[in-house]
$ cat target_38.cif   # mmCIF, C-alpha atoms
data_upload
loop_
_atom_site.group_PDB
_atom_site.id
_atom_site.type_symbol
_atom_site.label_atom_id
_atom_site.label_comp_id
_atom_site.auth_asym_id
_atom_site.auth_seq_id
_atom_site.Cartn_x
_atom_site.Cartn_y
_atom_site.Cartn_z
ATOM 1 C CA MET K 26 -121.918 -15.028 3.208
ATOM 2 C CA SER K 27 -119.169 -12.719 4.444
ATOM 3 C CA ASN K 28 -117.166 -10.609 2.011
ATOM 4 C CA LEU K 29 -114.058 -12.527 3.043
ATOM 5 C CA THR K 30 -115.633 -15.888 2.161
ATOM 6 C CA ARG K 31 -116.816 -14.367 -1.117
ATOM 7 C CA LEU K 32 -113.298 -13.125 -1.843
ATOM 8 C CA MET K 33 -111.573 -16.394 -0.937
ATOM 9 C CA VAL K 34 -113.890 -18.512 -3.092
ATOM 10 C CA LEU K 35 -113.817 -16.089 -6.036
ATOM 11 C CA GLY K 36 -110.026 -15.909 -5.811
ATOM 12 C CA ALA K 37 -109.679 -19.677 -5.718
ATOM 13 C CA VAL K 38 -111.979 -20.077 -8.735
ATOM 14 C CA HIS K 39 -109.919 -17.410 -10.522
ATOM 15 C CA GLN K 40 -106.709 -19.293 -9.782
ATOM 16 C CA PHE K 41 -107.779 -22.855 -10.550
ATOM 17 C CA GLN K 42 -110.601 -22.521 -13.094
ATOM 18 C CA PRO K 43 -112.286 -24.471 -14.492
ATOM 19 C CA VAL K 44 -112.771 -26.098 -11.104
ATOM 20 C CA HIS K 45 -115.354 -27.975 -9.059
ATOM 21 C CA GLY K 46 -116.382 -27.289 -5.476
ATOM 22 C CA TYR K 47 -114.769 -30.381 -3.972
ATOM 23 C CA PHE K 48 -111.344 -29.384 -5.300
ATOM 24 C CA LEU K 49 -111.809 -25.834 -3.980
ATOM 25 C CA ARG K 50 -112.803 -27.163 -0.579
ATOM 26 C CA GLN K 51 -109.760 -29.452 -0.370
ATOM 27 C CA GLU K 52 -107.393 -26.754 -1.641
ATOM 28 C CA LEU K 53 -108.642 -24.026 0.681
ATOM 29 C CA ILE K 54 -108.366 -26.392 3.645
ATOM 30 C CA THR K 55 -104.626 -26.683 2.874
ATOM 31 C CA TRP K 56 -104.466 -22.865 3.144
ATOM 32 C CA HIS K 57 -106.030 -23.136 6.652
ATOM 33 C CA VAL K 58 -108.724 -20.610 5.703
ATOM 34 C CA ASP K 59 -110.913 -22.010 8.441
ATOM 35 C CA GLU K 60 -108.334 -20.760 10.964
ATOM 36 C CA TRP K 61 -107.269 -17.341 9.687
ATOM 37 C CA ALA K 62 -110.193 -16.297 7.477
ATOM 38 C CA ASN K 63 -113.012 -17.979 9.420
ATOM 39 C CA VAL K 64 -114.169 -19.646 6.203
ATOM 40 C CA ASN K 65 -116.054 -22.811 7.042
ATOM 41 C CA PRO K 66 -115.072 -25.434 4.428
ATOM 42 C CA GLY K 67 -118.696 -26.525 4.223
ATOM 43 C CA SER K 68 -119.747 -22.991 3.244
ATOM 44 C CA ILE K 69 -117.751 -23.127 0.000
ATOM 45 C CA TYR K 70 -120.566 -24.905 -1.844
ATOM 46 C CA ASN K 71 -123.089 -22.316 -0.639
ATOM 47 C CA ALA K 72 -120.687 -19.563 -1.689
ATOM 48 C CA LEU K 73 -120.425 -21.034 -5.198
ATOM 49 C CA SER K 74 -124.196 -21.184 -5.448
ATOM 50 C CA SER K 75 -124.522 -17.576 -4.299
ATOM 51 C CA LEU K 76 -121.766 -16.382 -6.648
ATOM 52 C CA LYS K 77 -123.463 -18.160 -9.539
ATOM 53 C CA LYS K 78 -126.771 -16.493 -8.669
ATOM 54 C CA ASP K 79 -125.017 -13.107 -8.617
ATOM 55 C CA GLY K 80 -123.464 -13.765 -12.035
ATOM 56 C CA TYR K 81 -119.859 -13.920 -10.819
ATOM 57 C CA VAL K 82 -119.242 -17.582 -11.674
ATOM 58 C CA GLU K 83 -120.925 -19.835 -14.218
ATOM 59 C CA GLU K 84 -121.148 -23.516 -14.896
ATOM 60 C CA HIS K 85 -118.447 -24.678 -17.272
ATOM 61 C CA CYS K 86 -119.521 -28.319 -17.477
ATOM 62 C CA ILE K 87 -120.714 -31.296 -15.483
ATOM 63 C CA GLU K 88 -117.871 -33.688 -14.688
ATOM 64 C CA THR K 89 -118.370 -37.413 -14.250
ATOM 65 C CA GLU K 90 -115.657 -39.802 -13.136
ATOM 66 C CA GLY K 91 -116.320 -43.487 -12.625
ATOM 67 C CA LYS K 92 -119.012 -44.117 -10.035
ATOM 68 C CA ARG K 93 -118.503 -40.772 -8.285
ATOM 69 C CA PRO K 94 -121.419 -38.333 -8.181
ATOM 70 C CA GLU K 95 -121.555 -35.696 -10.894
ATOM 71 C CA ARG K 96 -119.617 -32.533 -10.116
ATOM 72 C CA THR K 97 -120.426 -29.076 -11.410
ATOM 73 C CA VAL K 98 -117.324 -27.354 -12.759
ATOM 74 C CA TYR K 99 -117.214 -23.548 -12.515
ATOM 75 C CA LYS K 100 -115.351 -20.709 -14.158
ATOM 76 C CA MET K 101 -115.323 -16.953 -13.617
ATOM 77 C CA THR K 102 -117.475 -14.547 -15.572
ATOM 78 C CA PRO K 103 -116.086 -11.151 -16.636
ATOM 79 C CA GLU K 104 -118.215 -9.611 -13.855
ATOM 80 C CA GLY K 105 -116.706 -12.086 -11.411
ATOM 81 C CA ASN K 106 -113.196 -11.020 -12.347
ATOM 82 C CA VAL K 107 -114.103 -7.380 -11.681
ATOM 83 C CA GLU K 108 -115.718 -8.254 -8.339
ATOM 84 C CA PHE K 109 -112.725 -10.357 -7.283
ATOM 85 C CA ILE K 110 -110.205 -7.580 -7.945
ATOM 86 C CA ARG K 111 -112.487 -5.009 -6.277
ATOM 87 C CA LEU K 112 -112.801 -7.108 -3.105
ATOM 88 C CA LEU K 113 -109.091 -7.933 -3.149
ATOM 89 C CA ARG K 114 -108.047 -4.284 -3.338
ATOM 90 C CA LYS K 115 -110.504 -3.321 -0.610
ATOM 91 C CA VAL K 116 -108.810 -5.769 1.782
ATOM 92 C CA ILE K 117 -105.111 -5.494 0.962
ATOM 93 C CA TRP K 118 -104.812 -1.700 1.170
ATOM 94 C CA THR K 119 -105.856 -1.826 4.841
ATOM 95 C CA VAL K 120 -103.758 -2.745 7.881
ATOM 96 C CA ASP K 121 -105.546 -3.696 11.100
ATOM 97 C CA ALA K 122 -103.659 -3.343 14.376
ATOM 98 C CA PHE K 123 -105.156 -6.559 15.745
ATOM 99 C CA ASP K 124 -105.797 -8.715 12.671
ATOM 100 C CA THR K 125 -103.606 -10.468 10.095
ATOM 101 C CA LYS K 126 -106.341 -11.282 7.540
ATOM 102 C CA SER K 127 -105.415 -8.576 5.044
ATOM 103 C CA GLY K 128 -101.807 -9.752 4.896
ATOM 104 C CA MET K 129 -102.893 -13.354 4.451
ATOM 105 C CA VAL K 130 -105.264 -12.377 1.642
ATOM 106 C CA LEU K 131 -102.447 -10.439 -0.026
ATOM 107 C CA THR K 132 -100.153 -13.457 0.000
ATOM 108 C CA SER K 133 -102.966 -15.695 -1.278
ATOM 109 C CA PHE K 134 -103.885 -13.629 -4.331
ATOM 110 C CA MET K 135 -101.117 -11.140 -5.130
ATOM 111 C CA PHE K 136 -100.478 -13.073 -8.363
ATOM 112 C CA ALA K 137 -103.711 -11.563 -9.755
ATOM 113 C CA LEU K 138 -102.235 -8.049 -9.748
ATOM 114 C CA SER K 139 -99.263 -6.441 -11.463
ATOM 115 C CA ARG K 140 -95.884 -6.513 -9.745
ATOM 116 C CA GLN K 141 -95.951 -2.691 -9.584
ATOM 117 C CA GLU K 142 -99.305 -2.630 -7.796
ATOM 118 C CA VAL K 143 -98.213 -5.251 -5.269
ATOM 119 C CA ILE K 144 -95.031 -3.285 -4.560
ATOM 120 C CA GLU K 145 -97.088 -0.116 -4.061
ATOM 121 C CA VAL K 146 -99.488 -1.987 -1.754
ATOM 122 C CA LEU K 147 -96.575 -3.309 0.318
ATOM 123 C CA GLU K 148 -94.951 0.135 0.558
ATOM 124 C CA HIS K 149 -98.287 1.548 1.692
ATOM 125 C CA ARG K 150 -98.657 -1.243 4.254
ATOM 126 C CA VAL K 151 -95.241 -0.395 5.758
ATOM 127 C CA ARG K 152 -96.405 3.206 6.262
ATOM 128 C CA GLU K 153 -99.712 2.021 7.731
ATOM 129 C CA ILE K 154 -97.908 -0.340 10.110
ATOM 130 C CA ASP K 155 -95.696 2.511 11.318
ATOM 131 C CA ALA K 156 -98.816 4.597 11.980
ATOM 132 C CA ARG K 157 -100.513 1.784 13.920
ATOM 133 C CA VAL K 158 -97.382 1.241 16.033
ATOM 134 C CA LYS K 159 -97.240 4.953 16.820
ATOM 135 C CA ALA K 160 -100.949 4.960 17.749
ATOM 136 C CA ASN K 161 -100.398 1.961 20.029
ATOM 137 C CA GLY K 162 -97.766 3.973 21.907
ATOM 138 C CA TYR K 163 -100.370 6.639 22.644
ATOM 139 C CA HIS K 164 -102.852 3.982 23.725
ATOM 140 C CA VAL K 165 -100.297 2.711 26.256
ATOM 141 C CA GLU K 166 -99.915 6.264 27.584
ATOM 142 C CA ASP K 167 -103.702 6.555 27.880
ATOM 143 C CA VAL K 168 -103.848 3.368 29.947
ATOM 144 C CA ALA K 169 -101.140 4.697 32.289
ATOM 145 C CA GLN K 170 -103.070 7.941 32.820
ATOM 146 C CA SER K 171 -106.490 6.359 33.283
ATOM 147 C CA GLU K 172 -107.911 6.115 36.784
ATOM 148 C CA THR K 173 -110.171 3.189 35.889
ATOM 149 C CA THR K 174 -108.392 1.106 33.223
ATOM 150 C CA PRO K 175 -106.260 -1.694 34.730
ATOM 151 C CA LEU K 176 -102.561 -1.163 33.979
ATOM 152 C CA TYR K 177 -102.209 -4.632 32.423
ATOM 153 C CA VAL K 178 -104.496 -3.553 29.561
ATOM 154 C CA ARG K 179 -101.383 -1.958 28.064
ATOM 155 C CA GLU K 180 -100.267 -5.483 27.117
ATOM 156 C CA ILE K 181 -103.014 -5.617 24.466
ATOM 157 C CA PHE K 182 -101.258 -2.761 22.691
ATOM 158 C CA GLU K 183 -97.780 -4.139 23.378
ATOM 159 C CA LEU K 184 -98.798 -7.445 21.777
ATOM 160 C CA SER K 185 -100.286 -5.622 18.800
ATOM 161 C CA THR K 186 -97.097 -3.569 18.382
ATOM 162 C CA THR K 187 -94.891 -6.660 18.517
ATOM 163 C CA ARG K 188 -97.047 -8.404 15.904
ATOM 164 C CA LEU K 189 -97.063 -5.327 13.662
ATOM 165 C CA LYS K 190 -93.277 -5.034 13.854
ATOM 166 C CA GLY K 191 -93.002 -8.674 12.781
ATOM 167 C CA GLU K 192 -95.364 -8.008 9.880
ATOM 168 C CA LYS K 193 -93.294 -4.990 8.869
ATOM 169 C CA GLU K 194 -90.136 -7.098 8.836
ATOM 170 C CA TRP K 195 -91.839 -9.700 6.636
ATOM 171 C CA THR K 196 -93.295 -6.980 4.366
ATOM 172 C CA GLU K 197 -89.917 -5.362 3.799
ATOM 173 C CA ALA K 198 -88.340 -8.746 3.039
ATOM 174 C CA LEU K 199 -91.116 -9.554 0.555
ATOM 175 C CA LEU K 200 -90.652 -6.143 -1.063
ATOM 176 C CA GLN K 201 -86.995 -6.938 -1.602
ATOM 177 C CA ARG K 202 -87.851 -10.331 -3.114
ATOM 178 C CA LEU K 203 -90.300 -8.698 -5.511
ATOM 179 C CA HIS K 204 -87.735 -6.063 -6.507
ATOM 180 C CA ASP K 205 -85.344 -8.962 -7.164
ATOM 181 C CA GLY K 206 -87.878 -10.476 -9.569
ATOM 182 C CA GLU K 207 -89.273 -13.319 -7.475
ATOM 183 C CA TYR K 208 -92.697 -14.773 -8.345
ATOM 184 C CA SER K 209 -94.756 -13.991 -11.411
ATOM 185 C CA PHE K 210 -97.556 -11.493 -11.793
ATOM 186 C CA VAL K 211 -100.075 -10.333 -14.363
ATOM 187 C CA GLY K 212 -98.340 -9.560 -17.641
ATOM 188 C CA GLU K 213 -95.171 -11.500 -16.809
ATOM 189 C CA GLU K 214 -93.785 -14.841 -17.887
ATOM 190 C CA PRO K 215 -94.423 -17.580 -15.314
ATOM 191 C CA SER K 216 -91.750 -17.819 -12.630
ATOM 192 C CA LYS K 217 -89.534 -20.887 -12.762
ATOM 193 C CA ARG K 218 -89.681 -21.000 -8.950
ATOM 194 C CA GLY K 219 -93.465 -20.803 -8.640
ATOM 195 C CA ARG K 220 -96.262 -23.139 -9.611
ATOM 196 C CA HIS K 221 -98.840 -20.521 -10.512
ATOM 197 C CA GLN K 222 -99.101 -19.293 -14.065
ATOM 198 C CA PRO K 223 -101.242 -16.122 -14.215
#
$ encode --input "target_38.cif" --output "structure tokens"
Amino acid sequence: MSNLTRLMVLGAVHQFQPVHGYFLRQELITWHVDEWANVNPGSIYNALSSLKKDGYVEEHCIETEGKRPERTVYKMTPEGNVEFIRLLRKVIWTVDAFDTKSGMVLTSFMFALSRQEVIEVLEHRVREIDARVKANGYHVEDVAQSETTPLYVREIFELSTTRLKGEKEWTEALLQRLHDGEYSFVGEEPSKRGRHQP
């Protein structure tokens, strides 16, 4: 099981607990995790089993409803909460020039952190994006000076730069929304505009 699958399933249990695997599977499909996080919906049950074995989730109860098969309902353990936050922080403080996963993870689970930490993460990400854009400029120069690299390879870095600039624009807009008090975070009253109650 990849660390990203581990993080997504732990985070979803954290958000919806107590919860059974079928609900998690259906919910995560609506987040399109199979597309951006490469989380196979069928692997969610295996992830729950592995997380239980590791002591990060535990059985809360067995749910029966009509003639449906029994469903095991899970909740986080204290160790699971620590592991979830550890994995979350490891991902969101990193910007990849060619990958959007860390930004998607941030938007999925920022509610689990304080508003101050999320603001600091976003400010850091803006600086990291600027650094990646600058590095891409040097990569383009390297392509132009190379005697073997085809000139069109520069478009890889141009595409990355364009994507990063779009992410920076979104990040700065989200920062402003958070400064304006949007959403709710750990230690705050639930937002009237959001469904999640941390």
$ atom_distance --input "target_38.cif" --atom1 "CA of Asn106 (chain K)" --atom2 "CA of Asp124 (chain K)"
26.2 Å
$ residues_around --input "target_38.cif" --residues "Val64 (chain K)" --least-positions-apart "2" --cutoff "12 Å" --atoms "only C-alpha atoms" --output "list in words"
Met26, Ser27, Asn28, Leu29, Thr30, Arg31, Leu32, Met33, Val34, Arg50, Leu53, Ile54, Trp56, His57, Val58, Asp59, Glu60, Trp61, Ala62, Pro66, Gly67, Ser68, Ile69, Tyr70, Asn71, Ala72 and Lys126 of chain K
$ residues_near_point --input "target_38.cif" --point "(-101.9, 2.1, 23.6)" --cutoff "10 Å" --atoms "all atoms listed in the file" --output "VMD selection string"
chain K and resid 157 to 169 178 to 183 185 to 186
$ closest_residue --input "target_38.cif" --among "K:Arg114, K:Glu90, K:Val44, K:Thr187" --to "Ser127 (chain K)" --atoms "all atoms listed in the file"
K:Arg114
$ resolve_selection --input "target_38.cif" --expression "the PyMOL selection byres ((chain K and resi 200-210) around 7)" --output "PyMOL selection string"
chain K and resi 136-140+144+147+196-199+211-216+218-219+223
$ residues_near_point --input "target_38.cif" --point "(-122.1, -13.5, -15.7)" --cutoff "9 Å" --atoms "all atoms listed in the file" --output "PyMOL selection string"
chain K and resi 77-83+101-105
$ build_atoms --input "target_38.cif" --residues "region 42-55 of chain K" --atoms "N, CA, C and O atoms" --output "tab-separated table (two decimals), in the frame of the given file"
chain	number	residue	atom	x	y	z
K	42	GLN	N	-109.54	-22.24	-12.13
K	42	GLN	CA	-110.60	-22.52	-13.09
K	42	GLN	C	-110.11	-23.21	-14.37
K	42	GLN	O	-108.96	-22.99	-14.76
K	43	PRO	N	-110.98	-24.01	-14.98
K	43	PRO	CA	-112.29	-24.47	-14.49
K	43	PRO	C	-112.10	-25.45	-13.34
K	43	PRO	O	-111.18	-26.28	-13.35
K	44	VAL	N	-112.99	-25.36	-12.34
K	44	VAL	CA	-112.77	-26.10	-11.10
K	44	VAL	C	-114.11	-26.45	-10.45
K	44	VAL	O	-115.09	-25.72	-10.58
K	45	HIS	N	-114.14	-27.59	-9.76
K	45	HIS	CA	-115.35	-27.98	-9.06
K	45	HIS	C	-115.21	-27.69	-7.56
K	45	HIS	O	-114.10	-27.50	-7.04
K	46	GLY	N	-116.34	-27.66	-6.88
K	46	GLY	CA	-116.38	-27.29	-5.48
K	46	GLY	C	-115.56	-28.18	-4.57
K	46	GLY	O	-114.94	-27.70	-3.62
K	47	TYR	N	-115.52	-29.47	-4.84
K	47	TYR	CA	-114.77	-30.38	-3.97
K	47	TYR	C	-113.28	-30.04	-4.01
K	47	TYR	O	-112.62	-30.01	-2.97
K	48	PHE	N	-112.76	-29.77	-5.20
K	48	PHE	CA	-111.34	-29.38	-5.30
K	48	PHE	C	-111.09	-28.09	-4.52
K	48	PHE	O	-110.10	-27.98	-3.79
K	49	LEU	N	-111.98	-27.10	-4.69
K	49	LEU	CA	-111.81	-25.83	-3.98
K	49	LEU	C	-111.80	-26.05	-2.47
K	49	LEU	O	-110.98	-25.48	-1.75
K	50	ARG	N	-112.72	-26.88	-2.01
K	50	ARG	CA	-112.80	-27.16	-0.58
K	50	ARG	C	-111.50	-27.77	-0.08
K	50	ARG	O	-110.93	-27.32	0.93
K	51	GLN	N	-111.00	-28.79	-0.79
K	51	GLN	CA	-109.76	-29.45	-0.37
K	51	GLN	C	-108.57	-28.49	-0.43
K	51	GLN	O	-107.72	-28.49	0.45
K	52	GLU	N	-108.51	-27.69	-1.48
K	52	GLU	CA	-107.39	-26.75	-1.64
K	52	GLU	C	-107.40	-25.69	-0.55
K	52	GLU	O	-106.38	-25.42	0.08
K	53	LEU	N	-108.57	-25.09	-0.32
K	53	LEU	CA	-108.64	-24.03	0.68
K	53	LEU	C	-108.38	-24.54	2.09
K	53	LEU	O	-107.87	-23.81	2.94
K	54	ILE	N	-108.70	-25.80	2.35
K	54	ILE	CA	-108.37	-26.39	3.64
K	54	ILE	C	-106.84	-26.40	3.83
K	54	ILE	O	-106.34	-26.15	4.93
K	55	THR	N	-106.09	-26.67	2.75
K	55	THR	CA	-104.63	-26.68	2.87
K	55	THR	C	-104.08	-25.28	3.15
K	55	THR	O	-102.97	-25.14	3.64
